[in-house]
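Student: Below is the file input.csv, with CSV, C-alpha atoms and all ligand atoms.
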```
chain,number,residue,atom,x,y,z
A,1,MET,CA,-19.0,59.0,22.2
A,2,SER,CA,-16.8,55.8,21.9
A,3,GLY,CA,-14.8,54.6,24.9
A,4,GLY,CA,-11.6,55.7,23.2
A,5,GLN,CA,-13.0,59.2,22.6
A,6,LEU,CA,-14.1,59.4,26.2
A,7,TYR,CA,-10.5,58.7,27.3
A,8,ASP,CA,-9.2,61.3,24.9
A,9,THR,CA,-11.4,63.8,26.9
A,10,ILE,CA,-10.9,62.6,30.5
A,11,GLY,CA,-7.6,60.6,30.4
A,12,ALA,CA,-4.9,63.3,30.7
A,13,THR,CA,-4.4,62.9,34.4
A,14,TYR,CA,-5.0,59.1,34.6
A,15,THR,CA,-1.5,58.2,36.0
A,16,VAL,CA,-2.0,60.6,39.0
A,17,THR,CA,-4.1,57.9,40.8
A,18,ARG,CA,-4.1,54.8,38.5
A,19,ARG,CA,-1.3,52.3,38.7
A,20,THR,CA,-0.8,48.5,39.1
A,21,GLU,CA,-2.1,47.1,42.4
A,22,PRO,CA,0.4,44.3,43.1
A,23,ARG,CA,-2.1,41.9,44.8
A,24,ILE,CA,-4.5,42.1,41.9
A,25,ALA,CA,-1.7,41.9,39.4
A,26,ALA,CA,-0.5,38.7,41.1
A,27,GLN,CA,-3.9,37.1,40.6
A,28,VAL,CA,-4.1,38.3,36.9
A,29,TRP,CA,-0.5,37.1,36.1
A,30,ALA,CA,-1.2,33.7,37.8
A,31,ALA,CA,-4.3,33.4,35.5
A,32,LEU,CA,-2.1,34.0,32.5
A,33,GLY,CA,-0.4,30.8,33.3
A,34,ASP,CA,2.7,30.0,31.3
A,35,ALA,CA,1.8,32.4,28.4
A,36,ARG,CA,4.9,33.8,26.7
A,37,THR,CA,3.1,36.2,24.3
A,38,VAL,CA,0.4,38.4,25.8
A,39,LEU,CA,-2.0,40.9,24.2
A,40,ASN,CA,-3.2,43.7,26.5
A,41,VAL,CA,-6.5,45.1,25.2
A,42,GLY,CA,-7.7,48.5,26.3
A,43,ALA,CA,-4.2,48.8,27.7
A,44,GLY,CA,-4.3,52.5,28.7
A,45,THR,CA,-1.1,53.7,30.3
A,46,GLY,CA,0.3,50.1,30.7
A,47,SER,CA,-0.8,49.1,34.2
A,48,TYR,CA,-0.8,45.4,34.9
A,49,GLU,CA,1.4,44.5,31.9
A,50,PRO,CA,3.3,41.5,33.1
A,51,PRO,CA,7.1,41.7,33.2
A,52,GLY,CA,9.2,38.9,31.6
A,53,ARG,CA,6.7,38.1,28.8
A,54,ASP,CA,6.3,39.5,25.2
A,55,VAL,CA,3.5,42.0,25.5
A,56,ILE,CA,1.7,43.9,22.7
A,57,ALA,CA,-0.8,46.5,23.8
A,58,VAL,CA,-4.0,47.7,22.0
A,59,GLU,CA,-5.4,51.1,23.0
A,60,PRO,CA,-7.7,53.4,21.0
A,61,SER,CA,-7.1,56.7,22.9
A,62,ALA,CA,-4.2,58.8,21.7
A,63,VAL,CA,-4.2,60.6,25.1
A,64,MET,CA,-3.8,57.3,26.9
A,65,ARG,CA,-1.1,56.0,24.5
A,66,ALA,CA,0.9,59.1,25.0
A,67,GLN,CA,1.2,58.4,28.7
A,68,ARG,CA,2.7,55.0,28.4
A,69,PRO,CA,6.1,55.0,30.0
A,70,ALA,CA,9.3,54.8,28.0
A,71,GLY,CA,10.1,51.1,27.6
A,72,ALA,CA,6.5,50.0,27.9
A,73,ALA,CA,5.2,47.3,25.5
A,74,PRO,CA,4.6,48.4,21.9
A,75,CYS,CA,1.1,49.8,21.5
A,76,VAL,CA,-1.3,49.5,18.5
A,77,ALA,CA,-4.1,52.1,17.9
A,78,ALA,CA,-7.1,49.8,17.6
A,79,ALA,CA,-10.3,48.8,19.4
A,80,ALA,CA,-11.3,45.4,21.0
A,81,GLU,CA,-14.2,44.8,18.6
A,82,SER,CA,-11.8,44.6,15.6
A,83,LEU,CA,-8.3,43.4,16.6
A,84,PRO,CA,-5.8,43.6,13.8
A,85,PHE,CA,-4.1,40.2,14.5
A,86,GLU,CA,-4.3,36.7,13.0
A,87,ASP,CA,-6.2,33.9,14.6
A,88,GLN,CA,-4.5,32.4,17.6
A,89,SER,CA,-1.4,34.7,17.3
A,90,PHE,CA,-1.0,35.1,21.1
A,91,ASP,CA,-0.7,32.7,24.0
A,92,ALA,CA,-3.0,34.9,26.1
A,93,ALA,CA,-5.1,38.1,25.8
A,94,MET,CA,-5.9,40.2,28.9
A,95,ALA,CA,-8.3,43.2,29.4
A,96,LEU,CA,-8.5,45.1,32.6
A,97,ALA,CA,-11.0,47.7,33.7
A,98,THR,CA,-12.0,48.3,30.1
A,99,VAL,CA,-14.8,46.0,28.9
A,100,HIS,CA,-17.5,48.3,30.3
A,101,HIS,CA,-16.3,51.0,27.9
A,102,TRP,CA,-16.5,48.9,24.8
A,103,ARG,CA,-19.3,49.6,22.3
A,104,ASP,CA,-19.9,45.9,21.9
A,105,PRO,CA,-18.3,43.9,24.8
A,106,ILE,CA,-19.4,40.5,23.5
A,107,ALA,CA,-17.8,41.1,20.1
A,108,GLY,CA,-14.6,42.4,21.8
A,109,LEU,CA,-14.4,39.3,24.0
A,110,ARG,CA,-14.9,37.0,21.0
A,111,GLU,CA,-12.1,38.9,19.2
A,112,MET,CA,-9.8,38.2,22.2
A,113,ARG,CA,-10.8,34.6,22.0
A,114,ARG,CA,-10.1,34.5,18.3
A,115,VAL,CA,-6.6,35.9,18.5
A,116,ALA,CA,-5.4,34.2,21.8
A,117,ARG,CA,-5.5,30.7,23.3
A,118,ARG,CA,-6.4,32.0,26.7
A,119,VAL,CA,-8.4,35.1,27.9
A,120,VAL,CA,-8.2,36.9,31.2
A,121,VAL,CA,-10.6,39.8,31.9
A,122,PHE,CA,-10.9,42.0,35.0
A,123,THR,CA,-14.4,43.4,35.3
A,124,HIS,CA,-17.3,43.6,37.7
A,125,ASP,CA,-20.5,41.7,38.5
A,126,THR,CA,-23.6,43.7,37.7
A,127,THR,CA,-25.9,40.7,37.5
A,128,ASP,CA,-26.8,40.8,41.2
A,129,THR,CA,-29.7,43.2,41.6
A,130,GLY,CA,-28.1,44.4,44.8
A,131,TRP,CA,-24.8,45.3,43.1
A,132,HIS,CA,-25.1,49.0,43.5
A,133,ARG,CA,-26.2,48.6,47.1
A,134,ARG,CA,-23.1,46.5,48.0
A,135,PHE,CA,-20.9,49.6,48.0
A,136,TRP,CA,-21.8,52.5,50.2
A,137,LEU,CA,-20.7,55.1,47.6
A,138,THR,CA,-23.3,54.0,45.1
A,139,ARG,CA,-25.9,53.0,47.7
A,140,ASP,CA,-25.9,56.2,49.7
A,141,TYR,CA,-24.4,58.9,47.5
A,142,LEU,CA,-24.4,58.0,43.8
A,143,PRO,CA,-27.4,55.8,42.8
A,144,GLU,CA,-27.1,57.2,39.3
A,145,VAL,CA,-24.4,54.5,38.7
A,146,ALA,CA,-27.2,52.0,38.2
A,147,ASP,CA,-28.3,53.9,35.1
A,148,LEU,CA,-24.9,53.5,33.5
A,149,LEU,CA,-25.5,49.7,33.4
A,150,ALA,CA,-28.7,49.8,31.4
A,151,GLY,CA,-28.5,47.7,28.2
A,152,ARG,CA,-25.0,46.3,29.1
A,153,PRO,CA,-24.5,42.5,29.1
A,154,SER,CA,-24.4,40.8,32.4
A,155,LEU,CA,-21.3,39.1,33.8
A,156,THR,CA,-22.8,35.7,33.1
A,157,GLU,CA,-23.4,36.7,29.4
A,158,LEU,CA,-19.8,37.9,29.1
A,159,ALA,CA,-18.5,34.7,30.7
A,160,ARG,CA,-20.7,32.6,28.5
A,161,ALA,CA,-19.6,34.3,25.3
A,162,ILE,CA,-16.0,33.0,25.8
A,163,GLY,CA,-16.6,30.0,27.9
A,164,ALA,CA,-14.9,31.6,30.9
A,165,ARG,CA,-15.0,30.7,34.6
A,166,ILE,CA,-15.5,33.5,37.1
A,167,GLN,CA,-13.2,34.2,40.1
A,168,PRO,CA,-13.8,36.8,42.8
A,169,VAL,CA,-11.2,39.6,43.2
A,170,LEU,CA,-11.0,41.2,46.7
A,171,ILE,CA,-10.0,44.8,47.0
A,172,PRO,CA,-7.3,45.5,49.6
A,173,TRP,CA,-8.1,48.3,52.0
A,174,ASP,CA,-5.0,50.2,50.8
A,175,CYS,CA,-5.5,49.4,47.0
A,176,ALA,CA,-2.8,51.2,45.0
A,177,ASP,CA,-4.9,51.5,41.8
A,178,GLY,CA,-7.4,54.3,42.3
A,179,PHE,CA,-10.4,52.7,40.5
A,180,PHE,CA,-14.0,53.5,41.6
A,181,GLU,CA,-14.3,51.1,44.5
A,182,ALA,CA,-10.6,51.3,45.6
A,183,TYR,CA,-11.1,53.7,48.5
A,184,TRP,CA,-14.0,51.8,50.2
A,185,ARG,CA,-12.2,52.1,53.6
A,186,ARG,CA,-10.7,55.6,52.9
A,187,PRO,CA,-13.9,57.6,52.3
A,188,GLU,CA,-12.1,61.1,52.5
A,189,ALA,CA,-10.3,60.2,49.2
A,190,TYR,CA,-13.6,60.7,47.2
A,191,LEU,CA,-13.5,64.4,48.3
A,192,ASP,CA,-10.3,64.8,46.3
A,193,ASP,CA,-10.8,66.0,42.8
A,194,HIS,CA,-7.7,64.2,41.6
A,195,VAL,CA,-9.2,60.9,42.8
A,196,ARG,CA,-12.5,61.5,41.0
A,197,ARG,CA,-10.8,62.6,37.7
A,198,GLY,CA,-9.1,59.2,37.5
A,199,VAL,CA,-12.4,57.4,37.4
A,200,SER,CA,-14.8,57.6,34.4
A,201,VAL,CA,-17.9,57.0,36.5
A,202,TRP,CA,-17.8,60.6,37.7
A,203,ALA,CA,-17.6,62.1,34.2
A,204,ARG,CA,-20.4,59.7,33.1
A,205,VAL,CA,-22.9,60.6,35.8
A,206,GLY,CA,-22.2,64.3,35.2
A,207,PRO,CA,-21.4,67.4,37.3
A,208,GLY,CA,-24.8,67.6,39.1
A,209,PRO,CA,-24.8,64.2,40.7
A,210,GLU,CA,-21.1,64.5,41.4
A,211,ARG,CA,-21.5,67.8,43.3
A,212,ARG,CA,-24.4,66.4,45.3
A,213,ALA,CA,-22.6,63.2,46.2
A,214,VAL,CA,-19.4,64.9,47.3
A,215,HIS,CA,-21.4,67.5,49.3
A,216,SER,CA,-23.4,64.8,51.1
A,217,LEU,CA,-20.3,62.6,51.8
A,218,ARG,CA,-18.4,65.6,53.2
A,219,ALA,CA,-21.3,66.4,55.5
A,220,ASP,CA,-21.6,62.8,56.7
A,221,LEU,CA,-17.9,62.4,57.3
A,222,ALA,CA,-18.0,65.6,59.4
A,223,SER,CA,-21.1,64.6,61.4
A,224,GLY,CA,-20.0,61.0,62.0
A,225,ARG,CA,-22.9,59.6,60.0
A,226,TRP,CA,-20.7,57.8,57.5
A,227,ALA,CA,-18.8,56.2,60.4
A,228,ASP,CA,-22.0,55.1,62.1
A,229,ARG,CA,-23.4,53.5,58.9
A,230,ASN,CA,-20.2,51.7,57.9
A,231,ARG,CA,-18.8,50.5,61.2
A,232,ASP,CA,-18.4,46.9,59.8
A,233,LEU,CA,-15.8,48.1,57.3
A,234,VAL,CA,-13.2,49.4,59.7
A,235,ALA,CA,-12.1,45.8,60.7
A,236,LEU,CA,-11.8,44.5,57.1
A,237,ASP,CA,-8.5,44.3,55.3
A,238,ALA,CA,-10.1,43.5,52.0
A,239,ALA,CA,-13.6,43.9,50.6
A,240,GLU,CA,-15.8,41.8,48.2
A,241,LEU,CA,-17.5,44.5,46.1
A,242,GLY,CA,-18.3,42.5,43.0
A,243,LEU,CA,-15.0,42.7,41.1
A,244,ARG,CA,-14.3,39.5,39.1
A,245,LEU,CA,-11.8,37.8,36.8
A,246,LEU,CA,-13.1,35.9,33.8
A,247,VAL,CA,-10.6,33.2,32.8
A,248,THR,CA,-10.7,30.8,30.0
B,301,LIG,C1,-10.1,52.6,32.9
B,301,LIG,S1,-9.1,52.5,31.5
B,301,LIG,C2,-8.1,51.0,31.9
B,301,LIG,C3,-6.8,51.0,31.3
B,301,LIG,C4,-5.9,49.9,31.7
B,301,LIG,N1,-6.3,48.6,31.3
B,301,LIG,C5,-5.7,49.9,33.2
B,301,LIG,O1,-6.0,48.8,33.9
B,301,LIG,O2,-5.3,50.9,33.8
B,301,LIG,C6,-10.1,52.0,30.2
B,301,LIG,C7,-9.4,52.0,28.8
B,301,LIG,O3,-10.2,51.3,27.8
B,301,LIG,C8,-10.0,51.9,26.6
B,301,LIG,N2,-11.1,51.6,25.7
B,301,LIG,C9,-12.3,52.2,25.5
B,301,LIG,N3,-13.0,51.7,24.5
B,301,LIG,C10,-12.3,50.6,24.1
B,301,LIG,C11,-12.5,49.6,23.0
B,301,LIG,N4,-13.6,49.6,22.3
B,301,LIG,N5,-11.5,48.8,22.8
B,301,LIG,C12,-10.3,48.8,23.5
B,301,LIG,N6,-10.1,49.7,24.5
B,301,LIG,C13,-11.0,50.6,24.8
B,301,LIG,C14,-10.0,53.4,27.0
B,301,LIG,O4,-9.4,54.2,26.0
B,301,LIG,C15,-9.1,53.4,28.3
B,301,LIG,O5,-7.7,53.5,28.0
```
Spell out the structure here as structure tokens.
Tutor:
Amino acid sequence: MSGGQLYDTIGATYTVTRRTEPRIAAQVWAALGDARTVLNVGAGTGSYEPPGRDVIAVEPSAVMRAQRPAGAAPCVAAAAESLPFEDQSFDAAMALATVHHWRDPIAGLREMRRVARRVVVFTHDTTDTGWHRRFWLTRDYLPEVADLLAGRPSLTELARAIGARIQPVLIPWDCADGFFEAYWRRPEAYLDDHVRRGVSVWARVGPGPERRAVHSLRADLASGRWADRNRDLVALDAAELGLRLLVT
């Protein structure tokens, strides 16, 4: 199944939990510099589209396109690997929380580089062998996440493909965008079906691992085991869980 087809299947309730997180948006918009024209690739429902600039969106899923708010940037039905634009036709191209869904991430990033003078990508670092152990949810409850990474290019390979530098992105404890790692200090959130339906990881690992992970987490929250294991998180306002910006 392509990434667009996946979102035609799972994307209908995306906006219940997924929206622009202002502190991450500020970092992304700063990285866009003085770009006037911006292409948003894998744009989904329009989160993080910068105000005050001329934005064109690209999104392959009809279900996601249909949820873009009235007045959102115009959206073209296409995929990153074959962008229907002339060379260097945008000041900047951005892609957030989408590269891991692309059939060929390197080809998609090269396309962004072809059509824009600057590229900004929000993704995660999977090169570190300890990556899935950095976050308690994958380490203690959902190790199957590691299997989803098999055969995918590393962060270094993605950066090298477009000559990007890598910047860390911290996740605030009260992150407004409900992506997979967003609730690192609010573990009860993962017991909520609406939260899980907004994150493709749960659909991709399948119902068996999902049921087991939720059951174990619920038990550990009730017994105090989760709190014992994760004491160090309570005092943190932001966490470094491997999220990264690639910026050319
Ligand atoms: C997690 S959503 C992120 C949406 C939006 N960028 C955001 O930050 O909310 C991932 C999006 O990538 C899109 N996608 C999947 N495969 C794609 C591809 N090959 N090219 C462009 N977008 C793709 C999906 O349809 C989905 O809308």
Student: Within 12 Å of range 227-237 of chain A, counting all atoms listed in the file, which residues show up once you throw out same-chain ones fewer than 6 positions away? Write them as a PyMOL selection string, please.
Tutor: chain A and resi 134-137+139-140+170-175+183-188+217-221
Student: Using all atoms listed in the file, which residues sit within 9 Å of Ser89 in chain A once same-chain residues fewer than 3 positions away are excluded, as a PyMOL selection string?
Tutor: chain A and resi 37+85-86+92+114-117
Student: Using CA of Gly151 in chain A and CA of Ala239 in chain A as the two end points, give the distance in Å to one decimal.
Tutor: 27.2 Å
Student: Listing only residues of chain A within 6 Å of ligand LIG 301 (chain B), what is the closest atom pair and its distance in Å (to one decimal) for each, using only C-alpha atoms and all ligand atoms, sorted by chain and residue number ascending, as CSV?
Tutor:
```
residue,atom,partner,partner_atom,distance
A:Gly3,CA,B:LIG301,N3,3.4
A:Gly4,CA,B:LIG301,O4,3.9
A:Tyr7,CA,B:LIG301,O4,4.8
A:Val41,CA,B:LIG301,C12,5.6
A:Gly42,CA,B:LIG301,N6,3.2
A:Ala43,CA,B:LIG301,N1,4.2
A:Gly44,CA,B:LIG301,O5,3.6
A:Ser47,CA,B:LIG301,O2,4.9
A:Glu59,CA,B:LIG301,N6,5.1
A:Pro60,CA,B:LIG301,O4,5.3
A:Ser61,CA,B:LIG301,O4,4.6
A:Met64,CA,B:LIG301,O5,5.6
A:Ala79,CA,B:LIG301,N5,3.6
A:Ala80,CA,B:LIG301,N5,3.9
A:Leu96,CA,B:LIG301,N1,4.3
A:Ala97,CA,B:LIG301,C2,4.7
A:Thr98,CA,B:LIG301,C6,4.2
A:His101,CA,B:LIG301,N3,4.8
A:Trp102,CA,B:LIG301,N4,3.9
A:Arg103,CA,B:LIG301,N4,5.7
```
Student: Taking only C-alpha atoms into account, which of A:Ala35, A:Val16, A:Val201, A:Ala78 comes nearest Asp147 in chain A?
Tutor: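 Smallest distance to Asp147 in chain A is found for A:Val201.
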Student: So how far away is CA of Val99 in chain A from CA of Thr9 in chain A, in Å?
Tutor: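 Computed distance, CA of Thr9 in chain A to CA of Val99 in chain A, equals 18.2 Å.
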Student: Go through A:Phe122, A:Gly208, A:Asp91, A:Ala161 one by one, measure the shortest atom-to-atom distance of each to Gly108 in chain A using all atoms listed in the file, and give the residue with the smallest value.
Tutor: A:Ala161
Student: Residues within 9 Å of (0.7, 48.9, 18.2), file coordinates, counting all atoms listed in the file: what are they? Give the list as a PDB file with C-alpha atoms, in the coordinates of the input.
Tutor:
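Below you can see result.pdb, which holds the result:
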```
ATOM      1  CA  ILE A  56       1.700  43.900  22.700  1.00  0.00           C
ATOM      2  CA  ALA A  57      -0.800  46.500  23.800  1.00  0.00           C
ATOM      3  CA  VAL A  58      -4.000  47.700  22.000  1.00  0.00           C
ATOM      4  CA  GLU A  59      -5.400  51.100  23.000  1.00  0.00           C
ATOM      5  CA  ALA A  73       5.200  47.300  25.500  1.00  0.00           C
ATOM      6  CA  PRO A  74       4.600  48.400  21.900  1.00  0.00           C
ATOM      7  CA  CYS A  75       1.100  49.800  21.500  1.00  0.00           C
ATOM      8  CA  VAL A  76      -1.300  49.500  18.500  1.00  0.00           C
ATOM      9  CA  ALA A  77      -4.100  52.100  17.900  1.00  0.00           C
ATOM     10  CA  ALA A  78      -7.100  49.800  17.600  1.00  0.00           C
TER      11      ALA A  78
END
```
Student: Measuring between all atoms listed in the file, which one of A:Ser82, A:Asp177, A:Tyr190, A:Leu246 shows the shortest distance to Arg23 in chain A?
Tutor: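 Closest to Arg23 in chain A, using all atoms listed in the file: A:Asp177.
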Student: Please report the interatomic distance between CA of Thr17 in chain A and CA of Trp226 in chain A in Å with one decimal.
Tutor: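 Straight-line distance from CA of Thr17 in chain A to CA of Trp226 in chain A works out to 23.5 Å.
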Student: Model the absent atoms of range 17-41 of chain A so that N, CA, C and O atoms are present, and write the result as a PDB file, in the coordinates of the input.
Tutor:
```pdb
ATOM      1  N   THR A  17      -3.500  58.814  39.745  1.00  0.00           N
ATOM      2  CA  THR A  17      -4.100  57.900  40.800  1.00  0.00           C
ATOM      3  C   THR A  17      -4.164  56.452  40.291  1.00  0.00           C
ATOM      4  O   THR A  17      -4.483  55.578  41.105  1.00  0.00           O
ATOM      5  N   ARG A  18      -3.908  56.184  39.005  1.00  0.00           N
ATOM      6  CA  ARG A  18      -4.100  54.800  38.500  1.00  0.00           C
ATOM      7  C   ARG A  18      -2.800  54.159  38.204  1.00  0.00           C
ATOM      8  O   ARG A  18      -1.984  54.670  37.436  1.00  0.00           O
ATOM      9  N   ARG A  19      -2.578  53.037  38.834  1.00  0.00           N
ATOM     10  CA  ARG A  19      -1.300  52.300  38.700  1.00  0.00           C
ATOM     11  C   ARG A  19      -1.616  50.825  39.026  1.00  0.00           C
ATOM     12  O   ARG A  19      -2.680  50.504  39.549  1.00  0.00           O
ATOM     13  N   THR A  20      -0.648  49.965  38.767  1.00  0.00           N
ATOM     14  CA  THR A  20      -0.800  48.500  39.100  1.00  0.00           C
ATOM     15  C   THR A  20      -0.932  48.306  40.580  1.00  0.00           C
ATOM     16  O   THR A  20      -0.126  48.794  41.366  1.00  0.00           O
ATOM     17  N   GLU A  21      -1.973  47.586  40.959  1.00  0.00           N
ATOM     18  CA  GLU A  21      -2.100  47.100  42.400  1.00  0.00           C
ATOM     19  C   GLU A  21      -1.471  45.730  42.416  1.00  0.00           C
ATOM     20  O   GLU A  21      -1.950  44.786  41.771  1.00  0.00           O
ATOM     21  N   PRO A  22      -0.374  45.571  43.184  1.00  0.00           N
ATOM     22  CA  PRO A  22       0.400  44.300  43.100  1.00  0.00           C
ATOM     23  C   PRO A  22      -0.399  43.066  43.457  1.00  0.00           C
ATOM     24  O   PRO A  22      -0.169  42.013  42.858  1.00  0.00           O
ATOM     25  N   ARG A  23      -1.347  43.147  44.417  1.00  0.00           N
ATOM     26  CA  ARG A  23      -2.100  41.900  44.800  1.00  0.00           C
ATOM     27  C   ARG A  23      -3.062  41.514  43.715  1.00  0.00           C
ATOM     28  O   ARG A  23      -3.276  40.330  43.470  1.00  0.00           O
ATOM     29  N   ILE A  24      -3.655  42.471  43.042  1.00  0.00           N
ATOM     30  CA  ILE A  24      -4.500  42.100  41.900  1.00  0.00           C
ATOM     31  C   ILE A  24      -3.693  41.659  40.733  1.00  0.00           C
ATOM     32  O   ILE A  24      -4.038  40.687  40.049  1.00  0.00           O
ATOM     33  N   ALA A  25      -2.550  42.317  40.519  1.00  0.00           N
ATOM     34  CA  ALA A  25      -1.700  41.900  39.400  1.00  0.00           C
ATOM     35  C   ALA A  25      -1.232  40.442  39.617  1.00  0.00           C
ATOM     36  O   ALA A  25      -1.201  39.663  38.656  1.00  0.00           O
ATOM     37  N   ALA A  26      -0.928  40.047  40.857  1.00  0.00           N
ATOM     38  CA  ALA A  26      -0.500  38.700  41.100  1.00  0.00           C
ATOM     39  C   ALA A  26      -1.565  37.686  40.675  1.00  0.00           C
ATOM     40  O   ALA A  26      -1.282  36.632  40.082  1.00  0.00           O
ATOM     41  N   GLN A  27      -2.833  38.032  40.948  1.00  0.00           N
ATOM     42  CA  GLN A  27      -3.900  37.100  40.600  1.00  0.00           C
ATOM     43  C   GLN A  27      -4.093  37.079  39.037  1.00  0.00           C
ATOM     44  O   GLN A  27      -4.315  36.015  38.461  1.00  0.00           O
ATOM     45  N   VAL A  28      -3.941  38.239  38.401  1.00  0.00           N
ATOM     46  CA  VAL A  28      -4.100  38.300  36.900  1.00  0.00           C
ATOM     47  C   VAL A  28      -2.915  37.508  36.289  1.00  0.00           C
ATOM     48  O   VAL A  28      -3.125  36.695  35.377  1.00  0.00           O
ATOM     49  N   TRP A  29      -1.701  37.735  36.763  1.00  0.00           N
ATOM     50  CA  TRP A  29      -0.500  37.100  36.100  1.00  0.00           C
ATOM     51  C   TRP A  29      -0.575  35.579  36.381  1.00  0.00           C
ATOM     52  O   TRP A  29      -0.160  34.814  35.508  1.00  0.00           O
ATOM     53  N   ALA A  30      -1.092  35.149  37.529  1.00  0.00           N
ATOM     54  CA  ALA A  30      -1.200  33.700  37.800  1.00  0.00           C
ATOM     55  C   ALA A  30      -2.238  33.126  36.751  1.00  0.00           C
ATOM     56  O   ALA A  30      -2.041  32.037  36.211  1.00  0.00           O
ATOM     57  N   ALA A  31      -3.304  33.881  36.475  1.00  0.00           N
ATOM     58  CA  ALA A  31      -4.300  33.400  35.500  1.00  0.00           C
ATOM     59  C   ALA A  31      -3.763  33.327  34.100  1.00  0.00           C
ATOM     60  O   ALA A  31      -4.269  32.560  33.272  1.00  0.00           O
ATOM     61  N   LEU A  32      -2.724  34.110  33.804  1.00  0.00           N
ATOM     62  CA  LEU A  32      -2.100  34.000  32.500  1.00  0.00           C
ATOM     63  C   LEU A  32      -1.338  32.739  32.278  1.00  0.00           C
ATOM     64  O   LEU A  32      -0.976  32.389  31.146  1.00  0.00           O
ATOM     65  N   GLY A  33      -1.070  32.042  33.393  1.00  0.00           N
ATOM     66  CA  GLY A  33      -0.400  30.800  33.300  1.00  0.00           C
ATOM     67  C   GLY A  33       1.013  30.914  32.721  1.00  0.00           C
ATOM     68  O   GLY A  33       1.721  31.877  33.028  1.00  0.00           O
ATOM     69  N   ASP A  34       1.363  29.972  31.807  1.00  0.00           N
ATOM     70  CA  ASP A  34       2.700  30.000  31.300  1.00  0.00           C
ATOM     71  C   ASP A  34       2.776  30.768  29.929  1.00  0.00           C
ATOM     72  O   ASP A  34       3.714  30.585  29.146  1.00  0.00           O
ATOM     73  N   ALA A  35       1.787  31.625  29.663  1.00  0.00           N
ATOM     74  CA  ALA A  35       1.800  32.400  28.400  1.00  0.00           C
ATOM     75  C   ALA A  35       3.054  33.167  28.206  1.00  0.00           C
ATOM     76  O   ALA A  35       3.456  33.906  29.091  1.00  0.00           O
ATOM     77  N   ARG A  36       3.664  33.034  27.048  1.00  0.00           N
ATOM     78  CA  ARG A  36       4.900  33.800  26.700  1.00  0.00           C
ATOM     79  C   ARG A  36       4.481  35.103  26.011  1.00  0.00           C
ATOM     80  O   ARG A  36       5.087  36.151  26.207  1.00  0.00           O
ATOM     81  N   THR A  37       3.504  35.000  25.116  1.00  0.00           N
ATOM     82  CA  THR A  37       3.100  36.200  24.300  1.00  0.00           C
ATOM     83  C   THR A  37       1.711  36.608  24.828  1.00  0.00           C
ATOM     84  O   THR A  37       0.789  35.793  24.941  1.00  0.00           O
ATOM     85  N   VAL A  38       1.586  37.892  25.155  1.00  0.00           N
ATOM     86  CA  VAL A  38       0.400  38.400  25.800  1.00  0.00           C
ATOM     87  C   VAL A  38      -0.097  39.665  25.070  1.00  0.00           C
ATOM     88  O   VAL A  38       0.692  40.596  24.861  1.00  0.00           O
ATOM     89  N   LEU A  39      -1.379  39.706  24.728  1.00  0.00           N
ATOM     90  CA  LEU A  39      -2.000  40.900  24.200  1.00  0.00           C
ATOM     91  C   LEU A  39      -2.775  41.605  25.277  1.00  0.00           C
ATOM     92  O   LEU A  39      -3.592  40.968  25.951  1.00  0.00           O
ATOM     93  N   ASN A  40      -2.531  42.907  25.478  1.00  0.00           N
ATOM     94  CA  ASN A  40      -3.200  43.700  26.500  1.00  0.00           C
ATOM     95  C   ASN A  40      -4.221  44.614  25.795  1.00  0.00           C
ATOM     96  O   ASN A  40      -3.806  45.582  25.161  1.00  0.00           O
ATOM     97  N   VAL A  41      -5.508  44.325  25.903  1.00  0.00           N
ATOM     98  CA  VAL A  41      -6.500  45.100  25.200  1.00  0.00           C
ATOM     99  C   VAL A  41      -7.134  46.151  26.047  1.00  0.00           C
ATOM    100  O   VAL A  41      -7.480  45.892  27.201  1.00  0.00           O
TER     101      VAL A  41
END
```
